[in-house]
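S.K.: This is the structure I have questions about; it appears just below.
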There are 2 protein chains.
Amino acid sequence: MAVTIHDIARELNVSSMTVSRVLSSVDNTLVKPATRIRVEEAALRMGYRPNRNARALASGRTNIIGLWISHLNTSVYSQIAQACRVAVQEAGMEISISEMDWHFHASEGHRRFQWPVDGILAVDPPPQDVLEKLLEPTAWKDVPRVHLGSGQSVPWQGDSVCVDLGAGTRTAIEHLLRVGCKRIAYVTPWWGERPGMCHYDAYIEVLKTVGMQPECIVVDDWECPTVRRTVVEHIKANGHPDGIYCHHDEFTIATFRALRDLDLHIPNDVALIGCEGNAFLEYFDPSISTMAMPVPDLCRTSWELLQKRINEPLSPPQNITLPVEFLARASSR
Amino acid sequence: MAVTIHDIARELNVSSMTVSRVLSSVDNTLVKPATRIRVEEAALRMGYRPNRNARALASGRTNIIGLWISHLNTSVYSQIAQACRVAVQEAGMEISISEMDWHFHASEGHRRFQWPVDGILAVDPPPQDVLEKLLEPTAWKDVPRVHLGSGQSVPWQGDSVCVDLGAGTRTAIEHLLRVGCKRIAYVTPWWGERPGMCHYDAYIEVLKTVGMQPECIVVDDWECPTVRRTVVEHIKANGHPDGIYCHHDEFTIATFRALRDLDLHIPNDVALIGCEGNAFLEYFDPSISTMAMPVPDLCRTSWELLQKRINEPLSPPQNITLPVEFLARASSR
DNA sequence: CTGAAAGCGCTTACAG
DNA sequence: CTGAAAGCGCTTACAG
C-alpha cells in the first residue's frame with residue numbers, strides 16, 4: 001500500500017497535521033525547522049507520494065488547468081499544447097489536455113469532463129451561442145475560462161486572445177497582387193457550421209477592391225489526400241490560377257503536391273502562400289511562404305488572462321488580438 | 001456549489017447509496033426500475049456531475065491510463081498519443097498524457113506523477129536499468145506498465161511491444177544497394193545515453209556484409225536547422241554519398257533540404273530514404289521514401305497487454321515485435 | 001509552533 | 001431491493 005501522511009506521522013511521533021504542513025506547501029504556517037527536516041527526510045526515505053485526488057477533494061483546488069482542444073495532430077495545435085504547457089508549468093500548475101471534438105451532443109455533456117480543474121484554456125471553440133448550449137448542462141460554465149485561437153467574425157464573450165488572420169490574409173493576398181498575380185484562388189475546407197472565418201472575409205474583401213473574381217477551391221474534409229485530389233480536379237476543369245492562398249498549412253502542403261502532379265512550376269506558373277507557420281514548409285523545394293501564427297505569445301497571453309480571471313473573478317473581461325507574421329519564401333516570388 | 005449525490009438523495013427522499021448505485025455504474029446491485037428512473041431524471045435536471053476525485057479516492061481506481069511520452073511535437077509521437085487514446089477509450093477508460101523528458105533527477109521523482117492512474121503506457125523509455133533507478137523512489141514501480149516503441153538492443157523487461165526497426169533499416173539499406181548506391185551514409189542524432197539503437201546496428205551490419213565503409217553524419221541535437229547545416233557541411237567537406245538513410249523523418253526532411261541547398265538531384269545524385277512514416281514525405285517533390293511505423297497496431301497491441309496485466313497481474317510477461325513497412329517512392333528510385 | 005476534530009464526495013462492506 | 005456506518009488521504013478551521 002502507498003505511504004500516507006499518517007504513516008509518516010506515526011513513524012515520527014508527530015501529528016499528521018504537522019506532516020501535512022511540511023509536505024503540502026499549502027499551509028504556510030511555520031513549522032519548527034528541526035521538525036521540518038525530520039519530516040522531509042522521512043518522506044523521502046519512506047517513498048511518500050501525496051495522493052492528489054485526496055488533496056483536490058479536501059482543498060477544492062486541483063492545480064490543474066484544462067486545455068480544451070479539438071485534436072493534437074496538426075502542427076499548430078501541437079505547438080499550442082506545448083506552449084500552454086510551458087506557460088502553465090512556470091506558474092507551478094499543470095495542464096490536462098482534453099481533446100474536444102466540439103460535436104458531442106449536449107445531453108451527454110453531464111457525462112464528460114468529470115475531473116475538476118481550476119481553469120480552462122479553450123482553443124478555437126465554436127461560436128458563443130453553440131458553446132453556451134454545450135456547456136449549459138455541464139456546470140463548467142462557472143469555471144474560469146479563456147478562449148484562444150484564430151478568431152471569428154463574431155468574437156467570443158468573456159476573455160479571449162485571437163490571432164488576426166484577417167489582417168494576415170490581407171497581407172498575403174496583397175503580396176500575391178504585388179508579384180503580379182491576375183487570378184488568385186483560395187483553398188479552403190468546407191465551413192459547415194462555422195461560416196464567416198475571418199480569412200475568408202478578408203480574401204473576398206481584398207479581391208473586391210481590385211475588381212478580381214473570387215475563386216474558392218472548397219475541400220470536403222481536412223485530409224491531405226482529399227485536398228490534393230480536389231485541387232488537381234479543379235485545375236484540370238478550370239485551368240490554373242497564377243496565385244493560391246491556402247487556409248492552413250496541411251492544405252498548403254497538399255496543394256504544393258497537386259501543383260507538381262500537374263507539372264506546374266512554383267512560383268512561375270503558380271505562386272503559393274500558406275497560413276499557419278508549419279515549420280516543414282521551409283524545407284520544401286522551393287520553400288513555401290506562409291503566415292506564421294505567434295503561438296508562444298498567444299498561449300502566454302491567454303494564460304495571463306486566465307490567471308487574472310482566477311484571482312480576480314470580477315475584473316472586466318479582456319479581448320486581445322495578436323498579429324501574424326508573413327514569412328516570404330521562394331514559392332511566392 | 002456543485003450538486004452531490006446527497007443533494008439528489010435529499011430531493012428524492014432516498015439514501016445516497018441508492019443514488020450512488022444508479023449513477024456510479026460500479027455497484028451492479030439491482031435498483032428498482034422506478035427508483036432508477038427517478039434518480040436519473042433528478043441527476044439530469046439538477047445538473048449533477050460526479051466528482052471523480054472523490055470517486056477515485058473512495059474506490060482506489062481512477063479509470064485513467066497514464067501515457068508517458070517524451071513530447072508530442074513530432075509526427076509519430078502525436079500519432080501514438082492519438083492511437084493510444086482511441087484504443088483506451090474504446091474500453092471505457094481515459095488517457096492522461098504525461099510528457100516525460102526521462103531526464104529528471106531521481107531525487108525529484110517523489111514530486112512527480114502524483115495523480116494516481118490504473119496503468120501506464122510508457123513510450124520509448126530509457127533502458128531497463130536507467131528506468132528502474134528513476135522509478136525506484138516514486139512508488140510507480142508497482143503500477144501495471146507496458147513499454148512500447150522503437151526497441152533497443154537490450155529489450156525491456158516486463159511487457160513490451162517493439163517495432164522492428166533493425167529489420168526495417170536492413171530493408172532500406174538493401175534497397176539502396178539494389179538501386180546501385182556505392183556510398184551509403186546514415187544521418188543520425190548523437191546517441192548520448194542511448195547507444196545501440198537497433199537501426200544503427202543494422203546499418204553497420206549490412207554494410208559490413210558488402211564490404212562498404214560506414215559513413216555516419218552525426219547531428220548534435222534533434223533540431224531540423226542543425227541537421228540541415230550538419231549535412232551541408234559534411235558534404236562540402238567530404239563530397240556527397242549517393243545514398244542516404246535517415247534516422248527519423250524530421251531528419252529526412254532537413255536532409256532533403258540540405259541536398260537541394262547543394263543543388264544535388266534526388267535521386268540521381270543522392271537516393272534518400274527516411275524512417276518513421278511521416279505523412280508529409282509523400283508531398284515533397286520528389287516524394288520521399290520511408291519506413292512506416294505500424295502505429296495503430298503498436299498502440300492497440302500495447303493496450304491489450306496492459307489490460308491483461310491489470311486483470312491478471314501474475315500472467316507471464318510478453319514481448320511482441322512488429323514489422324515496419326517500406327514505402328518506396330521517387331526519392332530512392 | 002502543534003494538534004484534535006470535522007469534512008471534502010464518493011464507494012466499500014455489511015446488515016436488513 | 002435499500003440503507004447506516006466507516007473510510008479513502010488529505011486540508012480547513014479552530015483551539016491551544
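Residues are named by chain letter and number: chains run A, B, ... in the order of the C-alpha cells, numbers start at 1 in each chain, and ligands are numbered from 1 in the order shown.
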Tell me the residues of chain C close to chain A, meaning within 12 Å using only C-alpha atoms (C1' of nucleotides), as number ranges by chain.

M.R.: C: 1-10

S.K.: Quick one: which chain B residues come within 7 Å of chain A, and what is the nearest atom pair for each with the distance in Å to one decimal, counting only C-alpha atoms, rows ordered by chain and ascending number, as CSV?

M.R.:
residue,atom,partner,partner_atom,distance
B:Gly47,CA,A:Pro137,CA,5.7
B:Arg49,CA,A:His110,CA,5.8
B:Pro50,CA,A:Gln114,CA,6.2
B:Asn51,CA,A:Gln114,CA,6.2
B:Arg52,CA,A:Trp115,CA,5.5
B:Asn53,CA,A:Asn53,CA,4.7
B:Ala54,CA,A:Leu57,CA,6.1
B:Ala56,CA,A:Asn53,CA,6.8
B:Leu57,CA,A:Asn53,CA,6.0
B:Leu72,CA,A:Ser78,CA,6.6
B:Asn73,CA,A:Ser78,CA,6.0
B:Ser78,CA,A:Asn73,CA,6.0
B:Gln79,CA,A:Asn73,CA,6.9
B:His110,CA,A:Arg49,CA,5.8
B:Gln114,CA,A:Arg52,CA,5.9
B:Trp115,CA,A:Arg52,CA,5.5
B:Pro137,CA,A:Gly47,CA,5.5
B:Thr138,CA,A:Gly47,CA,6.3
B:Ala139,CA,A:Gly47,CA,6.6
B:Ile253,CA,A:Tyr283,CA,6.5
B:Ala254,CA,A:Tyr283,CA,6.3
B:Arg257,CA,A:Tyr283,CA,5.1
B:Tyr283,CA,A:Arg257,CA,5.1
B:Phe284,CA,A:Phe284,CA,6.3
B:Asp285,CA,A:Asp285,CA,6.9

S.K.: Let me see the file: selected residues, C-alpha atoms, as a PDB file, in the first residue's frame.

M.R.:
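The resulting part-v8.pdb:
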ATOM      1  CA  GLY B  47     -27.017  19.173 -13.348  1.00  0.00           C
ATOM      2  CA  ARG B  49     -21.660  15.899 -12.268  1.00  0.00           C
ATOM      3  CA  PRO B  50     -19.802  13.177 -10.359  1.00  0.00           C
ATOM      4  CA  ASN B  51     -16.642  14.291  -8.634  1.00  0.00           C
ATOM      5  CA  ARG B  52     -14.045  11.916  -9.908  1.00  0.00           C
ATOM      6  CA  ASN B  53     -11.511  12.901  -7.304  1.00  0.00           C
ATOM      7  CA  ALA B  54     -13.888  11.632  -4.659  1.00  0.00           C
ATOM      8  CA  ALA B  56     -11.008   7.744  -7.168  1.00  0.00           C
ATOM      9  CA  LEU B  57     -10.240   8.304  -3.522  1.00  0.00           C
ATOM     10  CA  LEU B  72       4.086  15.448 -28.685  1.00  0.00           C
ATOM     11  CA  ASN B  73       5.810  17.599 -31.250  1.00  0.00           C
ATOM     12  CA  SER B  78       1.449  12.618 -31.778  1.00  0.00           C
ATOM     13  CA  GLN B  79       0.099   9.692 -33.807  1.00  0.00           C
ATOM     14  CA  HIS B 110       8.708  11.770  -5.428  1.00  0.00           C
ATOM     15  CA  GLN B 114       1.216  12.465  -8.107  1.00  0.00           C
ATOM     16  CA  TRP B 115      -2.041  11.683  -9.806  1.00  0.00           C
ATOM     17  CA  PRO B 137      11.656   6.186  -5.245  1.00  0.00           C
ATOM     18  CA  THR B 138       8.329   7.003  -6.855  1.00  0.00           C
ATOM     19  CA  ALA B 139       6.163   4.022  -5.915  1.00  0.00           C
ATOM     20  CA  ILE B 253      13.063  16.450 -44.298  1.00  0.00           C
ATOM     21  CA  ALA B 254      16.034  18.535 -43.202  1.00  0.00           C
ATOM     22  CA  ARG B 257      16.558  20.452 -47.980  1.00  0.00           C
ATOM     23  CA  TYR B 283       4.044  15.517 -50.676  1.00  0.00           C
ATOM     24  CA  PHE B 284       7.610  16.588 -51.303  1.00  0.00           C
ATOM     25  CA  ASP B 285       8.931  16.843 -54.835  1.00  0.00           C
TER      26      ASP B 285
END

S.K.: Kindly give the distance, in Å, that separates atom CA of B:Ala172 and atom CA of B:Gly274, rounded to a single decimal.

M.R.: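 Separation between atom CA of B:Ala172 and atom CA of B:Gly274: 8.5 Å.
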
S.K.: Have a look at atom CA of B:Phe251 and atom CA of B:Gly166 and let me know their distance in Å, one decimal.

M.R.: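 That distance, rounded to one decimal, is 17.9 Å.
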
S.K.: Pull the strand (DSSP E or B) assignments for stretch 84-252 of chain A out of DSSP run on the backbone, and list those residues as number ranges by chain.

M.R.: A: 94-99, 119-123, 145-149, 152, 160-163, 184-189, 197, 215-219, 243-246

S.K.: Suppose we keep C-alpha atoms; can you now write the selection as a compact mmCIF listing (two decimals), in the first residue's frame?

M.R.:
# COMPACT_ATOMS: atom_id res chain seq x y z
CA GLU A 94 -0.20 21.55 -14.73
CA ILE A 95 -2.05 21.16 -18.00
CA SER A 96 -4.54 18.42 -18.61
CA ILE A 97 -5.42 18.04 -22.25
CA SER A 98 -8.98 17.19 -23.24
CA GLU A 99 -9.37 16.54 -26.89
CA GLY A 119 -9.43 26.91 -15.06
CA ILE A 120 -9.83 26.24 -18.76
CA LEU A 121 -7.99 27.28 -21.89
CA ALA A 122 -10.37 26.62 -24.79
CA VAL A 123 -8.74 26.55 -28.22
CA ARG A 145 -12.19 30.08 -18.92
CA VAL A 146 -10.28 31.87 -21.66
CA HIS A 147 -10.89 31.41 -25.38
CA LEU A 148 -7.94 31.48 -27.73
CA GLY A 149 -7.44 30.81 -31.37
CA GLN A 152 -14.11 34.51 -35.73
CA SER A 160 -10.22 35.89 -25.38
CA VAL A 161 -6.99 36.10 -27.31
CA CYS A 162 -7.27 35.92 -31.08
CA VAL A 163 -4.78 35.91 -33.89
CA ILE A 184 -5.91 34.29 -57.13
CA ALA A 185 -7.59 31.18 -55.75
CA TYR A 186 -8.29 30.29 -52.13
CA VAL A 187 -8.11 26.67 -50.97
CA THR A 188 -10.42 26.20 -48.03
CA PRO A 189 -12.17 23.48 -46.08
CA MET A 197 -13.96 32.79 -40.63
CA GLU A 215 -12.13 31.53 -56.87
CA CYS A 216 -12.69 29.20 -53.94
CA ILE A 217 -11.42 25.66 -54.12
CA VAL A 218 -13.57 24.07 -51.45
CA VAL A 219 -12.40 20.79 -49.94
CA GLY A 243 -1.67 32.57 -57.26
CA ILE A 244 -3.04 30.35 -54.50
CA TYR A 245 -3.61 31.12 -50.84
CA CYS A 246 -4.33 28.17 -48.55

S.K.: Taking the DSSP assignment computed from this structure's backbone, write out as a PyMOL selection string all residues of stretch 100-330 of chain B that belong to helix (DSSP H, G or I).

M.R.: chain B and resi 106-111+128-138+140-142+165-178+198-209+224-238+249-261+279-283+295-311+330

S.K.: Quick check, in Å to one decimal: how far apart do atom CA of A:Glu233 and atom CA of B:Thr290 lie?

M.R.: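 Result for atom CA of A:Glu233 versus atom CA of B:Thr290: 27.6 Å, one decimal.
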